[in-house]
Amino acid sequence: KAAVVGAYGAQVLLDYPSAVVKNSDLPGPVEDLAALFAATHPEIVYTHNLADKHDTHVSTALRVIAALRRLPAAARPARVYGCEVWRDLDWLLDEDKIALDCSSHEHLQAALLGVFDSQISGGKRYDLAAVGRRRAHATYYASHEVDAATHIVYAMNLTPLVTDPDLGIQAYLQAHLMRFAEDVADRVAKFHG
């Protein structure tokens with residue numbers, strides 16, 4: 001339904017259960033993703049972010065990175081973004097976050113969110129929450145400027161992990177966390193008596 005509503009060029013479902021995606025010893029998801037990326041040559045890949053609190057989402061991001069690292073350097077996408085879902089990325093320092101302006105096509109966004117009725121019919125209004133988060137980001141993004149967008153989604157730049165397959169994933173994420181921790185500590189120290 002989402003592919004029809006969104007007029008997608010293609011949609012591929014790999015049909016792996018979560019347990020398989022979370023098991024790094026099982027090569028199927030990475031092999032299938034690598035074949036898919038090799039066949040489609042995407043310029044930009046959007047996946048989950050590494051700081052998501054949902055195990056399957058983090059595992060998916062790791063499998064995507066592993067698959068993209070398998071491609072020849074010239075075949076890798078120009079940009080890879082880990083987008084927020086189960087953990088907001090507003091905590092990233094501004095220089096570390098990618099602000100994706102998704103102000104356009106508000107009705108299409110609502111229609112796409114509404115397609116996943118199983119996600120919203122049980123009393124969890126993910127559709128309203130997703131739009132609310134986007135609107136909040138647009139307002140809180142720049143405290144002293146008029147809003148430049150009405151809807152913003154934040155992403156973590158995962159491109160360095162794909163362009164440099166030797167870059168440690170945990171070290172990369174830890175650097176983001178440390179910059180945040182240092183920023184918070186420095187701000188408190190600056191104004192503490």
# chains A, B, ... in the order shown; residues from 1 in each chain; ligands from 1
$ closest_atom_pairs --of "range 11-128 of chain A" --to "range 177-184 of chain A" --cutoff "8 Å" --atoms "only C-alpha atoms" --output "JSON lines"
{"residue": "A:Trp91", "atom": "CA", "partner": "A:Phe180", "partner_atom": "CA", "distance": 7.0}
{"residue": "A:Leu92", "atom": "CA", "partner": "A:Phe180", "partner_atom": "CA", "distance": 6.4}
{"residue": "A:Leu93", "atom": "CA", "partner": "A:Phe180", "partner_atom": "CA", "distance": 6.2}
$ select_by_dssp --residues "range 50-183 of chain A" --states "strand (DSSP E)" --output "VMD selection string"
chain A and resid 79 to 83 97 to 101 152 to 157
$ write_last_selection --atoms "N, CA and C atoms" --output "PDB file, in the first residue's frame"
ATOM      1  N   ARG A  79      25.999   9.263   0.040  1.00  0.00           N
ATOM      2  CA  ARG A  79      25.583   9.614   1.397  1.00  0.00           C
ATOM      3  C   ARG A  79      24.780   8.464   2.014  1.00  0.00           C
ATOM      4  N   VAL A  80      25.011   8.264   3.313  1.00  0.00           N
ATOM      5  CA  VAL A  80      24.270   7.257   4.072  1.00  0.00           C
ATOM      6  C   VAL A  80      23.832   7.926   5.373  1.00  0.00           C
ATOM      7  N   TYR A  81      22.526   7.924   5.605  1.00  0.00           N
ATOM      8  CA  TYR A  81      21.963   8.599   6.770  1.00  0.00           C
ATOM      9  C   TYR A  81      21.219   7.612   7.655  1.00  0.00           C
ATOM     10  N   GLY A  82      21.490   7.682   8.953  1.00  0.00           N
ATOM     11  CA  GLY A  82      20.755   6.902   9.944  1.00  0.00           C
ATOM     12  C   GLY A  82      19.705   7.799  10.576  1.00  0.00           C
ATOM     13  N   CYS A  83      18.453   7.550  10.268  1.00  0.00           N
ATOM     14  CA  CYS A  83      17.363   8.427  10.694  1.00  0.00           C
ATOM     15  C   CYS A  83      16.773   7.993  12.033  1.00  0.00           C
ATOM     16  N   LYS A  97      24.545  16.605  13.359  1.00  0.00           N
ATOM     17  CA  LYS A  97      23.241  16.135  12.893  1.00  0.00           C
ATOM     18  C   LYS A  97      22.961  16.619  11.481  1.00  0.00           C
ATOM     19  N   ILE A  98      22.258  15.799  10.758  1.00  0.00           N
ATOM     20  CA  ILE A  98      21.764  16.151   9.433  1.00  0.00           C
ATOM     21  C   ILE A  98      20.294  16.500   9.622  1.00  0.00           C
ATOM     22  N   ALA A  99      19.918  17.715   9.260  1.00  0.00           N
ATOM     23  CA  ALA A  99      18.526  18.149   9.360  1.00  0.00           C
ATOM     24  C   ALA A  99      17.889  17.978   7.982  1.00  0.00           C
ATOM     25  N   LEU A 100      16.988  17.024   7.889  1.00  0.00           N
ATOM     26  CA  LEU A 100      16.316  16.746   6.618  1.00  0.00           C
ATOM     27  C   LEU A 100      14.985  17.485   6.596  1.00  0.00           C
ATOM     28  N   ASP A 101      14.884  18.473   5.726  1.00  0.00           N
ATOM     29  CA  ASP A 101      13.659  19.262   5.601  1.00  0.00           C
ATOM     30  C   ASP A 101      12.620  18.419   4.876  1.00  0.00           C
ATOM     31  N   ILE A 152      11.037  18.791  10.182  1.00  0.00           N
ATOM     32  CA  ILE A 152      12.433  18.361  10.064  1.00  0.00           C
ATOM     33  C   ILE A 152      12.584  16.986  10.716  1.00  0.00           C
ATOM     34  N   VAL A 153      13.314  16.112  10.043  1.00  0.00           N
ATOM     35  CA  VAL A 153      13.730  14.826  10.603  1.00  0.00           C
ATOM     36  C   VAL A 153      15.244  14.894  10.744  1.00  0.00           C
ATOM     37  N   TYR A 154      15.746  14.446  11.875  1.00  0.00           N
ATOM     38  CA  TYR A 154      17.191  14.425  12.077  1.00  0.00           C
ATOM     39  C   TYR A 154      17.766  13.075  11.674  1.00  0.00           C
ATOM     40  N   ALA A 155      18.992  13.135  11.206  1.00  0.00           N
ATOM     41  CA  ALA A 155      19.703  11.916  10.843  1.00  0.00           C
ATOM     42  C   ALA A 155      21.145  12.018  11.319  1.00  0.00           C
ATOM     43  N   MET A 156      21.723  10.874  11.525  1.00  0.00           N
ATOM     44  CA  MET A 156      23.144  10.742  11.860  1.00  0.00           C
ATOM     45  C   MET A 156      23.869  10.415  10.564  1.00  0.00           C
ATOM     46  N   ASN A 157      24.942  11.112  10.305  1.00  0.00           N
ATOM     47  CA  ASN A 157      25.701  10.856   9.084  1.00  0.00           C
ATOM     48  C   ASN A 157      26.516   9.575   9.252  1.00  0.00           C
TER      49      ASN A 157
END
$ select_by_dssp --residues "range 113-172 of chain A" --states "helix (DSSP H, G or I)" --output "count of residues only"
31
$ closest_residue --among "A:Ala130, A:Val146, A:Ile65, A:Ala51" --to "Leu167 in chain A" --atoms "only C-alpha atoms"
A:Ile65
$ closest_residue --among "A:Arg134, A:Arg125, A:Arg63, A:Arg76" --to "Pro27 in chain A" --atoms "only C-alpha atoms"
A:Arg63
$ closest_residue --among "A:Gln11, A:Thr60, A:Gln109, A:Ser143" --to "Leu128 in chain A" --atoms "only C-alpha atoms"
A:Gln109
$ closest_residue --among "A:Phe37, A:Glu95, A:Ala136, A:Leu112" --to "Ala7 in chain A" --atoms "only C-alpha atoms"
A:Leu112
$ atom_distance --atom1 "CA of Arg87 in chain A" --atom2 "CA of Tyr126 in chain A"
13.1 Å
$ closest_residue --among "A:Asp88, A:Asp117, A:Asp164, A:Asp25" --to "His48 in chain A" --atoms "only C-alpha atoms"
A:Asp88
$ residues_around --residues "Leu108 in chain A" --least-positions-apart "3" --cutoff "8 Å" --atoms "only C-alpha atoms" --output "compact mmCIF listing (two decimals) with C-alpha atoms, in the first residue's frame"
# COMPACT_ATOMS: atom_id res chain seq x y z
CA VAL A 5 0.43 5.72 -2.17
CA GLY A 6 3.99 7.01 -2.39
CA HIS A 105 3.93 17.04 0.73
CA ALA A 111 -1.27 9.22 3.90
CA LEU A 112 1.91 7.14 4.12
$ residues_around --residues "His151 in chain A" --least-positions-apart "6" --cutoff "7 Å" --atoms "only C-alpha atoms" --output "PyMOL selection string"
chain A and resi 101-103+134-135+137-138
$ write_last_selection --atoms "C-alpha atoms" --output "PDB file, in the first residue's frame"
ATOM      1  CA  ASP A 101      13.659  19.262   5.601  1.00  0.00           C
ATOM      2  CA  CYS A 102      10.517  17.263   4.965  1.00  0.00           C
ATOM      3  CA  SER A 103       8.101  20.193   4.896  1.00  0.00           C
ATOM      4  CA  ARG A 134       9.012  16.748  12.917  1.00  0.00           C
ATOM      5  CA  ARG A 135       7.152  19.960  13.759  1.00  0.00           C
ATOM      6  CA  HIS A 137      12.359  19.904  15.378  1.00  0.00           C
ATOM      7  CA  ALA A 138      11.475  22.626  12.877  1.00  0.00           C
TER       8      ALA A 138
END
$ closest_residue --among "A:Val64, A:Lys124, A:Ala2, A:Val30" --to "Tyr46 in chain A" --atoms "only C-alpha atoms"
A:Val64
